[in-house]
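Trainee: Sharing coords_3.cif (mmCIF, C-alpha atoms) below.
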data_work
#
loop_
_atom_site.label_atom_id
_atom_site.label_comp_id
_atom_site.auth_asym_id
_atom_site.auth_seq_id
_atom_site.Cartn_x
_atom_site.Cartn_y
_atom_site.Cartn_z
CA MET A 215 -70.32 17.40 40.00
CA SER A 216 -73.58 19.32 40.38
CA ASP A 217 -74.09 22.41 38.20
CA LEU A 218 -74.05 24.60 41.32
CA ARG A 219 -70.66 23.40 42.49
CA ALA A 220 -69.20 23.05 39.01
CA ASN A 221 -70.12 26.62 38.07
CA ASP A 222 -69.31 28.24 41.41
CA PRO A 223 -65.57 28.40 42.12
CA ARG A 224 -66.36 29.28 45.74
CA LYS A 225 -67.85 25.81 46.20
CA THR A 226 -65.21 23.82 44.31
CA ILE A 227 -62.39 22.45 46.48
CA VAL A 228 -59.01 22.05 44.83
CA VAL A 229 -55.61 20.73 45.85
CA THR A 230 -52.76 23.20 45.31
CA GLY A 231 -49.97 21.49 47.24
CA ILE A 232 -48.97 17.97 48.22
CA GLY A 233 -46.28 17.14 50.74
CA VAL A 234 -45.15 13.58 51.41
CA VAL A 235 -42.69 11.83 53.69
CA SER A 236 -42.64 8.10 53.01
CA PRO A 237 -40.19 5.20 53.20
CA TYR A 238 -39.22 6.23 49.66
CA GLY A 239 -38.01 9.63 50.86
CA ILE A 240 -39.31 13.19 51.02
CA GLY A 241 -41.53 14.42 48.22
CA LEU A 242 -44.25 13.11 45.93
CA GLU A 243 -41.67 12.59 43.21
CA CYS A 244 -39.77 10.05 45.35
CA LEU A 245 -43.03 8.25 46.11
CA GLN A 246 -44.07 8.21 42.47
CA GLU A 247 -40.71 6.98 41.21
CA GLY A 248 -40.55 4.22 43.82
CA MET A 249 -44.09 2.96 43.35
CA LEU A 250 -44.12 3.07 39.57
CA SER A 251 -40.93 1.00 39.60
CA GLY A 252 -42.65 -1.58 41.81
CA LYS A 253 -40.23 -1.13 44.69
CA CYS A 254 -41.45 -2.58 48.01
CA CYS A 255 -40.19 -0.84 51.16
CA LEU A 256 -41.27 -3.59 53.56
CA ALA A 257 -38.29 -5.37 55.11
CA PRO A 258 -37.48 -7.61 58.09
CA THR A 259 -37.20 -5.48 61.23
CA LYS A 260 -35.72 -6.20 64.64
CA ASP A 261 -34.84 -2.77 66.01
CA VAL A 262 -38.26 -1.35 66.92
CA TYR A 263 -38.36 -3.10 70.27
CA PRO A 264 -36.58 -6.11 71.83
CA GLY A 265 -38.02 -9.38 70.65
CA PHE A 266 -39.94 -8.00 67.67
CA GLU A 267 -39.40 -9.88 64.44
CA GLY A 268 -41.52 -8.91 61.50
CA SER A 269 -41.72 -6.66 58.45
CA THR A 270 -42.11 -2.90 58.60
CA ALA A 271 -41.37 0.07 56.35
CA GLN A 272 -39.29 2.85 57.92
CA VAL A 273 -38.44 6.42 56.97
CA TYR A 274 -34.71 7.09 56.94
CA GLU A 275 -32.77 10.36 57.03
CA LEU A 276 -35.63 12.40 58.51
CA PRO A 277 -34.36 15.98 58.93
CA LEU A 278 -34.36 17.58 62.36
CA PRO A 279 -36.42 20.74 63.02
CA ALA A 280 -34.49 23.91 62.22
CA SER A 281 -35.33 25.42 65.59
CA GLY A 282 -32.89 23.18 67.43
CA ALA A 283 -35.44 22.38 70.16
CA ASP A 284 -35.58 18.74 69.10
CA PHE A 285 -36.81 17.48 72.45
CA ARG A 286 -40.14 19.26 71.98
CA TYR A 287 -41.06 17.23 68.93
CA SER A 288 -41.93 13.57 68.64
CA ARG A 289 -41.06 11.57 65.55
CA SER A 290 -44.69 11.91 64.43
CA ASP A 291 -44.32 15.70 64.79
CA ARG A 292 -41.14 15.72 62.74
CA LEU A 293 -42.66 13.59 59.98
CA ALA A 294 -45.63 15.98 59.84
CA MET A 295 -43.46 19.09 59.82
CA ALA A 296 -41.33 17.76 56.97
CA ALA A 297 -44.43 16.85 54.93
CA ALA A 298 -45.99 20.26 55.59
CA ARG A 299 -42.80 22.05 54.49
CA ASP A 300 -42.85 19.98 51.31
CA ALA A 301 -46.53 20.79 50.71
CA VAL A 302 -46.04 24.57 50.90
CA ALA A 303 -42.66 24.69 49.13
CA THR A 304 -44.10 26.55 46.14
CA LEU A 305 -46.50 28.76 48.11
CA ASP A 306 -46.02 32.37 49.17
CA CYS A 307 -46.00 31.83 52.91
CA GLU A 308 -46.28 35.58 53.55
CA ASN A 309 -49.61 35.64 51.72
CA SER A 310 -52.55 36.53 53.99
CA ALA A 311 -54.53 33.48 52.80
CA PHE A 312 -51.71 31.25 54.01
CA ARG A 313 -51.25 33.04 57.34
CA GLU A 314 -54.99 32.92 58.03
CA GLY A 315 -55.24 29.31 56.92
CA GLY A 316 -56.08 26.35 59.10
CA VAL A 317 -54.43 23.07 60.04
CA PHE A 318 -56.27 19.74 60.32
CA MET A 319 -53.80 16.97 61.18
CA ALA A 320 -54.47 13.35 62.14
CA SER A 321 -52.43 10.95 64.24
CA THR A 322 -53.02 7.82 66.28
CA VAL A 323 -49.51 7.35 67.66
CA ALA A 324 -48.47 11.00 68.10
CA GLY A 325 -45.80 11.24 70.80
CA LEU A 326 -46.23 7.74 72.20
CA SER A 327 -43.33 6.78 69.96
CA GLU A 328 -41.06 8.67 72.37
CA ILE A 329 -41.82 6.46 75.39
CA GLU A 330 -39.12 3.88 75.96
CA PRO A 331 -39.46 0.59 77.90
CA GLU A 332 -37.21 2.00 80.64
CA VAL A 333 -39.99 4.31 81.79
CA ALA A 334 -41.65 1.34 83.53
CA GLU A 335 -38.61 0.76 85.73
CA ASP A 336 -38.34 4.27 87.17
CA PRO A 337 -40.68 6.86 85.61
CA ALA A 338 -39.35 9.77 87.64
CA ALA A 339 -35.76 9.07 86.66
CA TRP A 340 -36.74 8.55 83.03
CA TYR A 341 -38.51 11.92 82.83
CA ARG A 342 -35.66 13.69 84.65
CA ARG A 343 -33.28 12.51 81.99
CA GLY A 344 -32.55 14.95 79.17
CA SER A 345 -35.58 17.07 78.34
CA GLY A 346 -37.61 16.19 81.43
CA LEU A 347 -41.37 16.56 81.23
CA ALA A 348 -41.15 18.64 78.04
CA ARG A 349 -41.22 15.46 75.98
CA ALA A 350 -44.57 14.51 77.56
CA ALA A 351 -46.15 17.53 75.88
CA SER A 352 -45.85 15.71 72.55
CA TYR A 353 -47.96 12.74 73.62
CA PRO A 354 -51.45 14.03 72.62
CA PRO A 355 -52.47 13.82 68.94
CA ALA A 356 -53.19 17.57 69.07
CA HIS A 357 -49.46 18.22 69.32
CA VAL A 358 -48.96 17.12 65.70
CA ALA A 359 -51.33 19.83 64.46
CA ASP A 360 -49.72 22.36 66.82
CA ALA A 361 -46.24 21.44 65.60
CA VAL A 362 -47.25 22.00 61.97
CA GLY A 363 -49.14 25.23 62.65
CA ASP A 364 -46.43 26.75 64.84
CA HIS A 365 -43.65 25.65 62.51
CA LEU A 366 -45.24 27.36 59.51
CA GLY A 367 -46.80 30.30 61.34
CA VAL A 368 -50.36 29.43 60.33
CA ARG A 369 -52.85 31.29 62.53
CA GLY A 370 -56.23 29.96 61.46
CA PRO A 371 -58.37 27.16 62.96
CA ARG A 372 -56.44 24.16 64.17
CA CYS A 373 -57.79 20.70 64.86
CA ALA A 374 -56.52 17.20 65.60
CA ILE A 375 -58.25 14.05 64.34
CA SER A 376 -57.71 10.66 65.95
CA ALA A 377 -60.26 8.15 64.69
CA ALA A 378 -58.06 5.15 63.96
CA CYS A 379 -57.03 4.25 60.42
CA ALA A 380 -59.38 6.62 58.59
CA SER A 381 -58.12 9.64 60.55
CA SER A 382 -56.21 11.58 57.90
CA ALA A 383 -58.81 10.95 55.20
CA MET A 384 -61.29 12.40 57.68
CA ALA A 385 -58.98 15.37 58.24
CA ILE A 386 -59.15 16.10 54.50
CA ALA A 387 -62.94 15.76 54.42
CA LEU A 388 -63.44 17.97 57.48
CA ALA A 389 -61.03 20.57 56.13
CA ALA A 390 -63.02 20.69 52.88
CA ASN A 391 -66.19 21.31 54.89
CA MET A 392 -64.45 24.14 56.77
CA LEU A 393 -63.50 25.78 53.48
CA LEU A 394 -67.08 25.63 52.23
CA ASP A 395 -68.21 27.15 55.53
CA GLY A 396 -65.78 30.04 55.01
CA ALA A 397 -63.89 29.31 58.24
CA ALA A 398 -60.51 29.80 56.55
CA PRO A 399 -59.19 30.71 53.09
CA MET A 400 -56.82 27.73 52.98
CA MET A 401 -56.37 24.46 54.86
CA LEU A 402 -53.40 22.19 55.43
CA ALA A 403 -54.87 18.73 55.97
CA GLY A 404 -53.28 15.33 56.41
CA GLY A 405 -51.79 12.96 58.92
CA SER A 406 -48.61 11.61 60.45
CA ASP A 407 -47.66 8.51 62.40
CA ALA A 408 -44.34 6.99 63.40
CA LEU A 409 -43.52 3.35 64.05
CA CYS A 410 -43.98 2.66 67.71
CA PRO A 411 -43.55 -0.35 70.04
CA PHE A 412 -47.02 0.26 71.48
CA THR A 413 -48.83 -0.07 68.15
CA LEU A 414 -46.69 -2.97 66.95
CA SER A 415 -47.25 -4.90 70.16
CA GLY A 416 -50.95 -4.02 70.10
CA PHE A 417 -51.51 -5.32 66.58
CA SER A 418 -49.37 -8.35 67.44
CA SER A 419 -51.63 -9.13 70.40
CA LEU A 420 -54.61 -8.95 68.03
CA GLN A 421 -52.80 -11.50 65.82
CA ALA A 422 -53.21 -9.05 62.95
CA LEU A 423 -49.58 -8.87 61.77
CA ASP A 424 -47.96 -10.80 58.96
CA LYS A 425 -44.29 -11.56 59.65
CA ASP A 426 -43.61 -11.41 55.91
CA PRO A 427 -44.57 -8.61 53.50
CA CYS A 428 -48.36 -8.46 53.38
CA ARG A 429 -50.59 -9.78 50.57
CA PRO A 430 -53.78 -7.67 50.50
CA PHE A 431 -56.81 -9.30 48.86
CA ASP A 432 -54.95 -12.59 48.34
CA GLN A 433 -56.59 -15.86 49.38
CA ASN A 434 -53.42 -16.63 51.38
CA ARG A 435 -53.15 -13.30 53.20
CA LYS A 436 -52.11 -13.50 56.86
CA GLY A 437 -52.29 -9.94 58.14
CA LEU A 438 -50.87 -6.46 57.84
CA ASN A 439 -47.50 -4.76 58.19
CA LEU A 440 -47.00 -1.36 59.78
CA GLY A 441 -45.18 1.53 58.17
CA GLU A 442 -44.60 5.17 59.00
CA GLY A 443 -44.88 8.44 57.16
CA ALA A 444 -46.85 11.64 56.70
CA ALA A 445 -48.74 13.49 54.00
CA VAL A 446 -50.24 16.96 53.86
CA LEU A 447 -52.56 18.42 51.21
CA VAL A 448 -53.05 22.15 50.66
CA LEU A 449 -56.77 22.67 50.07
CA GLU A 450 -58.58 25.83 49.05
CA THR A 451 -61.56 26.88 46.96
CA LEU A 452 -61.07 27.29 43.25
CA ALA A 453 -61.93 30.98 43.72
CA GLU A 454 -59.04 31.47 46.17
CA ALA A 455 -56.65 29.45 44.03
CA THR A 456 -57.57 31.41 40.88
CA ALA A 457 -57.20 34.74 42.66
CA ARG A 458 -53.56 34.03 43.46
CA ASN A 459 -52.88 32.19 40.19
CA ALA A 460 -52.12 28.93 41.99
CA ASN A 461 -51.28 25.70 40.22
CA VAL A 462 -54.25 23.36 40.67
CA LEU A 463 -53.05 19.77 41.07
CA ALA A 464 -56.45 18.09 41.44
CA VAL A 465 -60.09 18.72 42.28
CA LEU A 466 -61.66 17.10 45.35
CA ARG A 467 -64.94 16.12 43.74
CA GLY A 468 -66.54 14.29 46.67
CA TRP A 469 -65.92 13.45 50.30
CA VAL A 470 -68.10 11.47 52.71
CA MET A 471 -67.70 9.92 56.16
CA THR A 472 -69.84 7.13 57.64
CA ASN A 473 -69.69 4.65 60.49
CA ASP A 474 -70.60 0.96 60.62
CA ALA A 475 -72.06 1.26 64.15
CA PHE A 476 -71.13 -2.39 64.49
CA HIS A 477 -68.02 -3.25 66.55
CA SER A 478 -65.00 -1.61 68.18
CA THR A 479 -62.48 -3.46 66.00
CA ALA A 480 -64.14 -5.88 63.55
CA PRO A 481 -65.58 -4.63 60.24
CA GLN A 482 -69.23 -5.24 59.45
CA THR A 483 -69.20 -8.58 57.62
CA GLN A 484 -70.86 -7.41 54.40
CA GLY A 485 -69.11 -4.03 54.37
CA ASN A 486 -72.44 -2.18 54.37
CA GLY A 487 -71.13 0.96 56.07
CA LEU A 488 -68.20 1.24 53.69
CA ALA A 489 -70.46 0.60 50.70
CA ASP A 490 -72.78 3.40 51.86
CA CYS A 491 -69.77 5.69 52.21
CA MET A 492 -68.63 5.09 48.63
CA ARG A 493 -72.15 5.34 47.24
CA LEU A 494 -72.83 8.63 49.04
CA CYS A 495 -69.48 10.00 47.91
CA MET A 496 -70.37 9.30 44.28
CA GLU A 497 -73.76 10.93 44.85
CA MET A 498 -72.07 14.02 46.28
CA ALA A 499 -69.76 14.24 43.27
CA GLU A 500 -72.73 13.42 40.99
CA VAL A 501 -70.81 10.72 39.16
CA ARG A 502 -71.80 7.17 38.26
CA GLY A 503 -69.92 4.06 39.27
CA ASP A 504 -68.80 3.62 35.65
CA GLU A 505 -66.96 6.96 35.82
CA ILE A 506 -64.60 5.89 38.63
CA GLY A 507 -61.53 4.59 36.83
CA TYR A 508 -59.59 3.38 39.86
CA VAL A 509 -60.07 2.76 43.57
CA ASN A 510 -57.16 2.96 45.98
CA ALA A 511 -58.42 0.50 48.58
CA HIS A 512 -57.99 0.41 52.33
CA GLY A 513 -56.73 -3.14 51.77
CA THR A 514 -54.84 -4.04 54.93
CA GLY A 515 -54.29 -7.73 54.22
CA THR A 516 -56.19 -8.99 57.27
CA PRO A 517 -58.64 -11.89 56.74
CA LEU A 518 -61.77 -10.07 57.96
CA ASN A 519 -61.16 -6.61 56.53
CA ASP A 520 -60.36 -7.70 52.99
CA VAL A 521 -63.47 -9.87 52.65
CA ALA A 522 -65.76 -7.16 54.05
CA GLU A 523 -64.15 -4.61 51.74
CA SER A 524 -64.62 -6.81 48.68
CA HIS A 525 -68.33 -7.11 49.54
CA ALA A 526 -68.50 -3.31 49.89
CA TYR A 527 -67.17 -2.82 46.35
CA GLU A 528 -69.68 -5.31 44.96
CA THR A 529 -72.50 -3.36 46.61
CA ALA A 530 -71.30 0.20 45.93
CA PHE A 531 -70.51 -0.44 42.25
CA ARG A 532 -73.44 -2.74 41.47
CA GLY A 533 -74.75 -2.04 37.97
CA ARG A 534 -71.39 -0.91 36.65
CA GLY A 535 -70.70 -2.05 33.08
CA ARG A 536 -67.34 -3.66 33.93
CA PRO A 537 -65.54 -4.65 37.14
CA VAL A 538 -64.10 -1.71 39.07
CA PRO A 539 -60.26 -1.63 39.13
CA VAL A 540 -59.01 -1.85 42.74
CA SER A 541 -55.60 -2.14 44.37
CA SER A 542 -54.03 -1.77 47.80
CA THR A 543 -50.89 0.35 47.96
CA LYS A 544 -50.26 -0.81 51.52
CA SER A 545 -48.49 -3.69 49.80
CA TYR A 546 -45.67 -1.22 49.01
CA PHE A 547 -44.99 0.38 52.41
CA GLY A 548 -47.43 -1.04 54.91
CA HIS A 549 -50.20 0.50 56.95
CA CYS A 550 -49.24 3.96 58.21
CA LEU A 551 -52.25 4.18 60.53
CA GLY A 552 -53.22 7.83 61.09
CA ALA A 553 -51.20 8.86 58.03
CA ALA A 554 -52.59 6.15 55.72
CA GLY A 555 -55.60 8.05 54.37
CA ALA A 556 -53.60 11.15 53.45
CA LEU A 557 -50.77 9.15 51.90
CA GLU A 558 -53.25 7.17 49.85
CA ALA A 559 -55.04 10.38 48.84
CA ALA A 560 -51.71 11.68 47.54
CA ILE A 561 -51.17 8.41 45.66
CA THR A 562 -54.68 8.62 44.16
CA ILE A 563 -53.99 12.16 42.94
CA MET A 564 -50.67 10.94 41.54
CA ALA A 565 -52.53 8.17 39.69
CA VAL A 566 -54.94 10.68 38.14
CA ARG A 567 -52.17 13.07 37.14
CA CYS A 568 -49.89 10.51 35.50
CA GLY A 569 -52.56 8.07 34.29
CA ALA A 570 -51.25 5.06 36.20
CA LEU A 571 -53.24 2.28 37.85
CA LEU A 572 -50.95 0.72 40.44
CA PRO A 573 -51.12 -3.04 41.06
CA THR A 574 -51.25 -4.74 44.44
CA LEU A 575 -47.89 -6.39 45.04
CA ARG A 576 -47.72 -10.16 45.75
CA LEU A 577 -51.34 -10.68 44.71
CA THR A 578 -51.26 -14.11 43.09
CA ASP A 579 -54.55 -15.72 44.13
CA PRO A 580 -57.16 -12.96 44.54
CA ILE A 581 -60.37 -13.13 46.56
CA GLU A 582 -63.22 -14.12 44.26
CA SER A 583 -65.24 -10.98 43.58
CA PRO A 584 -66.94 -10.77 40.15
CA GLY A 585 -67.58 -7.03 40.37
CA VAL A 586 -63.94 -6.19 41.14
CA GLU A 587 -60.88 -6.21 38.91
CA TRP A 588 -58.00 -6.80 41.30
CA LEU A 589 -55.07 -4.96 39.76
CA ARG A 590 -51.86 -6.99 39.78
CA GLY A 591 -48.76 -7.53 37.72
CA GLU A 592 -47.63 -4.44 35.80
CA VAL A 593 -48.66 -0.79 36.16
CA ARG A 594 -51.51 -0.07 33.75
CA ARG A 595 -51.33 3.22 31.85
CA GLU A 596 -54.58 4.90 30.85
CA VAL A 597 -56.33 8.25 31.06
CA LEU A 598 -57.88 8.47 34.51
CA PRO A 599 -60.35 11.38 34.90
CA LEU A 600 -61.67 10.21 38.29
CA ALA A 601 -60.34 8.01 41.08
CA MET A 602 -61.46 7.18 44.59
CA SER A 603 -59.48 6.68 47.80
CA VAL A 604 -61.13 4.55 50.48
CA SER A 605 -60.24 4.40 54.18
CA ALA A 606 -61.72 2.31 56.98
CA GLY A 607 -60.71 1.99 60.60
CA PHE A 608 -61.39 0.54 64.03
CA GLY A 609 -64.72 1.63 65.43
CA GLY A 610 -66.27 1.32 61.96
CA SER A 611 -65.02 4.72 60.74
CA ASN A 612 -65.15 5.04 56.95
CA THR A 613 -64.14 7.82 54.57
CA ALA A 614 -64.24 8.03 50.78
CA LEU A 615 -62.59 10.77 48.71
CA ILE A 616 -63.02 11.27 44.95
CA PHE A 617 -60.31 13.18 43.08
CA GLY A 618 -60.33 14.35 39.50
CA SER A 619 -58.39 16.51 37.11
CA ARG A 620 -59.32 20.18 36.81
CA SER A 621 -60.89 19.63 33.42
#
For this file, produce the structure as structure tokens.
Mentor:
Amino acid sequence: MSDLRANDPRKTIVVTGIGVVSPYGIGLECLQEGMLSGKCCLAPTKDVYPGFEGSTAQVYELPLPASGADFRYSRSDRLAMAAARDAVATLDCENSAFREGGVFMASTVAGLSEIEPEVAEDPAAWYRRGSGLARAASYPPAHVADAVGDHLGVRGPRCAISAACASSAMAIALAANMLLDGAAPMMLAGGSDALCPFTLSGFSSLQALDKDPCRPFDQNRKGLNLGEGAAVLVLETLAEATARNANVLAVLRGWVMTNDAFHSTAPQTQGNGLADCMRLCMEMAEVRGDEIGYVNAHGTGTPLNDVAESHAYETAFRGRGRPVPVSSTKSYFGHCLGAAGALEAAITIMAVRCGALLPTLRLTDPIESPGVEWLRGEVRREVLPLAMSVSAGFGGSNTALIFGSRS
């Protein structure tokens, strides 16, 4: 980190809360316990829509909103609200910094999960049933941010991000920029997406799904699996956090967004845009490639993405003394789309805090990449001062986040 940022607490962004809803349950502790034990949440699924047979990871026992107006909230809203409640559980929610804080939430599915196949038969009758048109208000991605902000009574700037699979990592990066600009004293940033027939059928039509649990970075990979969940980080400057004696969980050392400017769905073959993103993120944090102890990869398990991503690591970490340790945690609970970046940011922070490098599950025959150490087998325990989370999405959107301990 540059001397200016390192010595100025007003320009240092820290994480003071983490809320998670995952297929493991509610809370970072559930996620940590499940992943460190090597538990895979991907399972054969037939109940998402008629005729679907594949593997997904679902969230069970999701609590209903306390307000009782359930019809106003989509499943993506409810996942986000539960994660946000978890994130602020230890905060003083009457504090002025909290009330004046902002909300940056990402989603790609949003309320589309509420549309049932019957709507095609008679839309008017379908909307007249039960809640009527009120349920349609949850369709836009902006409703996820509104649901979180209204639920917690946060009155600061509010924004929705929907830029495919890098969305919630972008939400974190943009929220950090807002804090540096002084737009709000605190930001809640993350993402939420529910399993949905539309996304499952869409990825199926692209022939991007693996019927069995996915195998990211394996020579025999066949595609991805979808999951659902939400994660929210509480971000603020170190100055704000110190003023209220907050518990600092991690420091956001660097954050950068780039775009491949290449194709609407396919990654650039050599991963140049993603490599630039990682390189620029390390430059922002003023760290060398050798200082990054772990990379939580985007790692979807699709043939094109994984090869392009492996090239990106070779380029971004060229000159490093030893191969960079990389794994994909999508092998545990699938690709959560708009929530993936925030969930993986939470996992990266968890890795730094407990000194654990998580392996990619089912990785038996890795892609050949001399500059990369594909983590597999057992969890590796070691001190981890710095780790990077990488997200990439349709349209060539890339985001890299570097987290470190406060020291």
Trainee: Quote the spacing between CA of Ala565 (chain A) and CA of Pro481 (chain A) in Å to one decimal place.
Mentor: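 Distance between the two atoms: 27.5 Å.
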Trainee: Can I get the residues of region 225-324 of chain A within 12 Å of region 371-393 of chain A, each with the closest pair of atoms and their distance in Å to one decimal, using only C-alpha atoms, sorted chain first then ascending number, as a tab-separated table?
Mentor:
residue	atom	partner	partner_atom	distance
A:Lys225	CA	A:Leu393	CA	8.5
A:Thr226	CA	A:Ala390	CA	9.4
A:Ile227	CA	A:Ala390	CA	6.7
A:Val228	CA	A:Ala390	CA	9.1
A:Val229	CA	A:Ala390	CA	10.2
A:Ala294	CA	A:Ser382	CA	11.6
A:Ala311	CA	A:Leu393	CA	11.8
A:Phe312	CA	A:Pro371	CA	11.9
A:Arg313	CA	A:Pro371	CA	10.8
A:Glu314	CA	A:Pro371	CA	8.3
A:Gly315	CA	A:Pro371	CA	7.1
A:Gly316	CA	A:Pro371	CA	4.6
A:Val317	CA	A:Arg372	CA	4.7
A:Phe318	CA	A:Cys373	CA	4.9
A:Met319	CA	A:Ala374	CA	5.2
A:Ala320	CA	A:Ile375	CA	4.4
A:Ser321	CA	A:Ser376	CA	5.6
A:Thr322	CA	A:Ser376	CA	5.5
A:Val323	CA	A:Ser376	CA	9.0
A:Ala324	CA	A:Ser376	CA	9.5
Trainee: A:Arg467, A:Arg532, A:Arg369, A:Arg595: which is nearest Leu615 (chain A), counting only C-alpha atoms?
Mentor: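 Among A:Arg467, A:Arg532, A:Arg369, A:Arg595, it is A:Arg467 that comes nearest to Leu615 (chain A).
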Trainee: What would the selection look like, as a PDB file with C-alpha atoms, keeping the file's coordinate frame, if the PyMOL selection byres ((chain A and resi 569) around 7) were run on the coordinates I just shared?
Mentor:
ATOM      1  CA  ALA A 565     -52.530   8.170  39.690  1.00  0.00           C
ATOM      2  CA  VAL A 566     -54.940  10.680  38.140  1.00  0.00           C
ATOM      3  CA  ARG A 567     -52.170  13.070  37.140  1.00  0.00           C
ATOM      4  CA  CYS A 568     -49.890  10.510  35.500  1.00  0.00           C
ATOM      5  CA  ALA A 570     -51.250   5.060  36.200  1.00  0.00           C
ATOM      6  CA  LEU A 571     -53.240   2.280  37.850  1.00  0.00           C
ATOM      7  CA  ARG A 595     -51.330   3.220  31.850  1.00  0.00           C
ATOM      8  CA  GLU A 596     -54.580   4.900  30.850  1.00  0.00           C
ATOM      9  CA  VAL A 597     -56.330   8.250  31.060  1.00  0.00           C
ATOM     10  CA  LEU A 598     -57.880   8.470  34.510  1.00  0.00           C
TER      11      LEU A 598
END
Trainee: Near region 234-237 of chain A, within 10 Å and counting all atoms listed in the file, which residues show up once chain neighbours fewer than 3 positions away are dropped, as a PyMOL selection string?
Mentor: chain A and resi 240-245+248+254-256+270-276+292-301+404+406+441-447+546-548+550+553+556-557+560-561
Trainee: Run the PyMOL selection byres ((chain A and resi 305) around 10) against the file shown and list the residues it catches, as a count of residues only.
Mentor: 16
Trainee: In Å, with one decimal, what is the gap from CA of Ala601 (chain A) to CA of Tyr508 (chain A)?
Mentor: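 About the pair CA of Ala601 (chain A) and CA of Tyr508 (chain A): they are 4.8 Å apart.
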Trainee: Using the chain letters and numbering of this document, enumerate as JSON, numbers by chain the residues selected by the PyMOL selection byres ((chain A and resi 498) around 9).
Mentor: {"A": [215, 216, 467, 468, 469, 470, 493, 494, 495, 496, 497, 499, 500, 501]}
Trainee: Any idea what the distance is between CA of Leu572 (chain A) and CA of Gly610 (chain A)?
Mentor: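 That distance, rounded to one decimal, is 26.4 Å.
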Trainee: Please determine the residues with any atom at most 8 Å from (-69.1, 2.9, 61.8) (coordinates as given in the file, with only C-alpha atoms counting) and report them as a PDB file with C-alpha atoms, in the coordinates of the input.
Mentor:
ATOM      1  CA  THR A 472     -69.840   7.130  57.640  1.00  0.00           C
ATOM      2  CA  ASN A 473     -69.690   4.650  60.490  1.00  0.00           C
ATOM      3  CA  ASP A 474     -70.600   0.960  60.620  1.00  0.00           C
ATOM      4  CA  ALA A 475     -72.060   1.260  64.150  1.00  0.00           C
ATOM      5  CA  PHE A 476     -71.130  -2.390  64.490  1.00  0.00           C
ATOM      6  CA  HIS A 477     -68.020  -3.250  66.550  1.00  0.00           C
ATOM      7  CA  GLY A 487     -71.130   0.960  56.070  1.00  0.00           C
ATOM      8  CA  GLY A 609     -64.720   1.630  65.430  1.00  0.00           C
ATOM      9  CA  GLY A 610     -66.270   1.320  61.960  1.00  0.00           C
ATOM     10  CA  SER A 611     -65.020   4.720  60.740  1.00  0.00           C
ATOM     11  CA  ASN A 612     -65.150   5.040  56.950  1.00  0.00           C
TER      12      ASN A 612
END
Trainee: Leaving out Arg286 (chain A) and any residue of its chain fewer than 6 positions from it, which residues lie within 7 Å of it when counting all atoms listed in the file, given as a list in words?
Mentor: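 Near Arg286 (chain A), the qualifying residues are Ala348, Arg349 and Ser352 of chain A.
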Trainee: Measuring between all atoms listed in the file, which one of A:Ala339, A:Val368, A:Leu326, A:Ala464 shows the shortest distance to Ser310 (chain A)?
Mentor: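 Between A:Ala339, A:Val368, A:Leu326, A:Ala464, the residue approaching Ser310 (chain A) most closely is A:Val368.
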Trainee: Could you tell me which of A:Pro264, A:Pro517, A:Ser583, A:Ser619 comes closest to Asn434 (chain A) if we count only C-alpha atoms?
Mentor: A:Pro517
Trainee: Would you list the contacts of Ile506 (chain A) as a VMD selection string, taking every protein, DNA or RNA residue within 8 Å and counting only C-alpha atoms, but skipping same-chain residues closer than 6 positions in sequence?
Mentor: chain A and resid 538 599 to 602
Trainee: Could you build a table of the residues in region 230-317 of chain A lying no more than 8 Å from region 421-432 of chain A, giving for each the nearest pair of atoms and their separation in Å rounded to one decimal place, using only C-alpha atoms, ordered by chain and ascending residue number, as a Markdown table?
Mentor:
| residue | atom | partner | partner_atom | distance |
| --- | --- | --- | --- | --- |
| A:Leu256 | CA | A:Pro427 | CA | 6.0 |
| A:Ala257 | CA | A:Pro427 | CA | 7.2 |
| A:Pro258 | CA | A:Asp426 | CA | 7.5 |
| A:Glu267 | CA | A:Lys425 | CA | 7.0 |
| A:Gly268 | CA | A:Lys425 | CA | 4.3 |
| A:Ser269 | CA | A:Lys425 | CA | 5.7 |
Trainee: Could you dump the residues just selected with C-alpha atoms as a PDB file, keeping the file's coordinate frame?
Mentor:
ATOM      1  CA  LEU A 256     -41.270  -3.590  53.560  1.00  0.00           C
ATOM      2  CA  ALA A 257     -38.290  -5.370  55.110  1.00  0.00           C
ATOM      3  CA  PRO A 258     -37.480  -7.610  58.090  1.00  0.00           C
ATOM      4  CA  GLU A 267     -39.400  -9.880  64.440  1.00  0.00           C
ATOM      5  CA  GLY A 268     -41.520  -8.910  61.500  1.00  0.00           C
ATOM      6  CA  SER A 269     -41.720  -6.660  58.450  1.00  0.00           C
TER       7      SER A 269
END
Trainee: I'd like to know which of A:Ala361, A:Gly507, A:Glu592, A:Tyr238 is closest to Lys253 (chain A), using all atoms listed in the file.
Mentor: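 Among A:Ala361, A:Gly507, A:Glu592, A:Tyr238, it is A:Tyr238 that comes nearest to Lys253 (chain A).
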Trainee: So, with all atoms listed in the file as the atoms that count, which of A:His549, A:Lys260, A:His357, A:Arg590 lies closest to Thr413 (chain A)?
Mentor: A:His549
Trainee: Find the residues around Thr529 (chain A) up to 9 Å (all atoms listed in the file counted), leave out those fewer than 5 positions away in its own chain, and share them as an mmCIF file with C-alpha atoms, in the frame of the given file.
Mentor:
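Saved result, selection19.cif, follows:
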data_model
loop_
_atom_site.group_PDB
_atom_site.id
_atom_site.type_symbol
_atom_site.label_atom_id
_atom_site.label_comp_id
_atom_site.auth_asym_id
_atom_site.auth_seq_id
_atom_site.Cartn_x
_atom_site.Cartn_y
_atom_site.Cartn_z
ATOM 1 C CA GLN A 484 -70.860 -7.410 54.400
ATOM 2 C CA GLY A 485 -69.110 -4.030 54.370
ATOM 3 C CA ASN A 486 -72.440 -2.180 54.370
ATOM 4 C CA ALA A 489 -70.460 0.600 50.700
ATOM 5 C CA ASP A 490 -72.780 3.400 51.860
ATOM 6 C CA ARG A 493 -72.150 5.340 47.240
ATOM 7 C CA SER A 524 -64.620 -6.810 48.680
ATOM 8 C CA GLY A 585 -67.580 -7.030 40.370
#
